[in-house]
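Q: Starting off with a structure, shown below.
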Amino acid sequence: MSARCVMVLGTSSGAGKSWIATALCRHYARCGLKVVPFKAQNMSNNARVVAGAPMGDHPAAGPLPRWGVAPSGGSATGAAVERGGTWSAAGPLPRWGVAPSGGSATGAAVERGGHVPGEIGSAQYFQALAARAVPDVRMNPLLLKPEADTHSQVVLLGQVSRELTALPWRGRSERVWPQIAAALDALRAENDVVVIEGAGSPAEINLMASDVVNLRVARHADARCLLVADIDRGGAFAHLFGTWALLPEADRARIKGFVLNKFRGDAALLAPAPEQLQALTGVPTVAVVPMRFGHGLPEEDGVFDDGVAGSPFLPAASESREEGGLAITRIAIVAYPRISNLDEFQPLKNLPGVMLTWARAPSALHGADTIILPGSKATASDLAWLRAQGLDGAIAQHAARGGRVLGVCGGLQMLGEALVDVHGVESQGNAPGLGLLPLVTSFEPRKTVQRSSVRFGTLAGAWSALAGVEASGYEIHSGRTAQHPAMAASGDVAREVIPGLAWQNRTGNVLGVYLHGLFEDAAVLRALFGARAPTLDAVFDRLADALAEASAPGVLDALVAP
């Protein structure tokens with residue numbers, strides 16, 4: 001089997017490549033084809049834990065890096081499929097989850113067959129689910145996780161590579177290309193169709209010499225390409241023509257169609273521009289995709305609803321909390337600079353009765369019922385930023401009034417008394433925490449990357465609805481958190497509601513968890529909100545329907561024709 005490859009390129013970041021690739025994955029899967037996604041290199045702090053490549057058995061050049069998760073000797077005894085189908089795959093997910101047990105959490109660091117779980121970008125995770133495929137690290141062999149404006153952690157085939165992280169940007173490409181090509185070749189050999197997503201623009205001529213994600217991949221896969229432009233930004237025809245014109249002549253021939261994405265208005269008014277563009281390039285405009293608000297997928301690279309991030313809730317807390325007879329729960333998520341895994345909150349955005357905002361200033365917390373401190377790729381640095389904005393005082397006041405506070409992963413670490421970094425894992429060094437939980441976090445070089453299934457123990461107060469709830473999620477963190485020794489000696493102890501993974505304060509309104517993905521679990525949504533979010537299958541089907549309706553007849557099928 002040698003898969004046909006369809007590649008989605010863009011005139012810029014934010015053109016809509018990810019969701020169009022997701023729609024293509026579902027479209028071809030519904031045609032009865034065996035489909036997988038692929039993106040050679042992704043830059044994002046939104047990551048998922050997926051099936052790893054076999055140690056010593058992958059067709060990559062040399063063994064996988066061994067400085068990621070050390071084998072723990074755990075076994076994989078349960079399928080990591082979230083119950084209720086709220087945010088789960090159509091088929092089984094990788095089988096490294098551990099069956100829930102009373103008040104405990106265990107994660108298998110090594111899958112059956114010697115596979116080590118690894119990280120990929122969230123976009124490729126969702127694309128794999130849309131394709132009805134089991135996500136694995138080959139689908140995004142190189143993941144760059146920004147830790148500062150000029151520095152990223154490099155994850156190769158799911159595992160952190162310190163060696164590659166230390167190299168300059170242009171020094172990496174020849175080192176990683178053999179693994180990228182081998183991962184793509186392996187996927188092509190096993191499937192009917194590979195839907196490939198590019199990055200940024202293929203016409204970034206300053207990066208062409210070191211390219212491993214756009215044209216080099218298209219050539220290697222002999223891919224048939226679509227070029228997508230965001231027409232809502234304006235200048236789409238110039239973007240399409242300029243991108244096409246800057247490509248080497250042989251690569252222009254790979255562009256089989258232009259896609260105008262995020263269109264608002266009467267498509268008849270576009271004429272005669274598509275015809276004129278085709279006369280100049282020989283490339284037809286094959287789809288005009290309408291703007292889709294609330295399509296149901298998380299944004300890949302930024303905070304969704306970014307235009308209103310930092311806005312306070314209206315009406316205020318003292319005013320009506322109902323809209324059309326529906327009680328409204330107001331949730332504020334602190335949007336620090338190195339926020340990570342923000343995609344896990346998309347189900348809240350899809351949930352009836354929930355109003356979500358992103359907070360970058362104390363005013364944005366006004367009227368919130370719940371404040372969430374999400375994950376962070378640079379916990380100490382983001383905590384310093386939070387303090388500089390005055391958000392620490394606003395969070396403390398909210399908690400003192402009995403308001404609910406939830407910290408997830410890096411947010412949990414911030415809620416404690418102190419961050420200790422004797423190994424220099426984070427550049428900020430030691431730092432005091434927010435002091436809302438009597439805990440201390442010590443950063444360690446070893447990174448935990450695993451899926452976990454858990455059962456919450458006894459909880460009190462505002463989070464008591466979670467008591468006894470079984471949930472599945474994933475862990476990606478470098479810190480280890482424990483009770484503050486001196487505070488524990490004086491009787492100030494956090495209630496440990498999941499051993500090693502979750503703690504609650506004495507009054508019960510502050511909860512910290514290491515487990516990502518709680519709001520993607522149907523049981524958690526039912527316990528906290530008594531509601532369900534739309535299933536992922538429904539989201540994927542709507543995307544595929546929308547793309548098919550917007551495309552010229554026969555175009556999508558022609559892209560994968562022999």
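Identifiers for the structure tokens are assigned positionally: chains receive A, B, ... in sequence, residues are indexed from 1 per chain, and ligands are indexed from 1 in the order shown.
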I need the residues of segment 243-432 of chain A that end up classed as strand (DSSP E or B) by DSSP on the backbone, written out as a ChimeraX atom specification.

A: /A:255-263,285-290,322-323,326-327,329-334,339-340,354-359,370-373,375-376,404-408,418-420,431-432

Q: Tell me which protein, DNA and RNA residues are within 9 Å of Val425 of chain A, counting only C-alpha atoms, leaving out same-chain ones fewer than 3 positions away, and put them as a PyMOL selection string.

A: chain A and resi 421-422+428-429+443-445+478

Q: Keeping only N, CA and C atoms, write those residues as a compact mmCIF listing (two decimals), in the first residue's frame.

A:
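Contents of the output file again.txt:
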# COMPACT_ATOMS: atom_id res chain seq x y z
N ASP A 421 13.40 25.00 42.13
CA ASP A 421 14.02 24.59 40.86
C ASP A 421 15.53 24.51 41.01
N VAL A 422 15.99 23.52 41.75
CA VAL A 422 17.44 23.39 41.98
C VAL A 422 18.17 22.87 40.74
N GLN A 428 13.60 30.86 35.68
CA GLN A 428 13.29 31.84 36.72
C GLN A 428 13.81 31.45 38.11
N GLY A 429 14.21 30.20 38.29
CA GLY A 429 14.68 29.76 39.59
C GLY A 429 13.54 29.55 40.58
N PHE A 443 10.80 21.08 40.64
CA PHE A 443 10.97 20.76 39.23
C PHE A 443 12.10 19.75 39.06
N GLU A 444 11.90 18.79 38.18
CA GLU A 444 12.87 17.73 37.93
C GLU A 444 13.12 17.63 36.43
N PRO A 445 14.34 17.23 36.04
CA PRO A 445 14.64 17.11 34.61
C PRO A 445 13.75 16.10 33.89
N SER A 478 6.83 18.44 34.39
CA SER A 478 8.17 18.17 34.91
C SER A 478 8.24 18.24 36.43

Q: Report as a VMD selection string all protein, DNA and RNA residues lying within 12 Å of segment 261-274 of chain A, evaluated on only C-alpha atoms, omitting residues in the same chain fewer than 2 positions from it.

A: chain A and resid 10 to 12 14 to 20 226 to 238 240 to 241 257 to 259 276 to 293 295 546 to 547 550 to 551

Q: I'd like the neighbourhood of Gly517 of chain A as a list in words, where a residue qualifies if any of its atoms comes within 8 Å (using only C-alpha atoms), though same-chain residues fewer than 4 positions away should be ignored.

A: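 Surrounding residues, per the criterion: Glu344, Phe345, Ser472, Gly473, Tyr474 and Asp521 of chain A.
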
Q: Could you check which of A:Cys409, A:Val560, A:Ala40, A:Met414 is closest to Ile395 of chain A, using only C-alpha atoms?

A: A:Met414
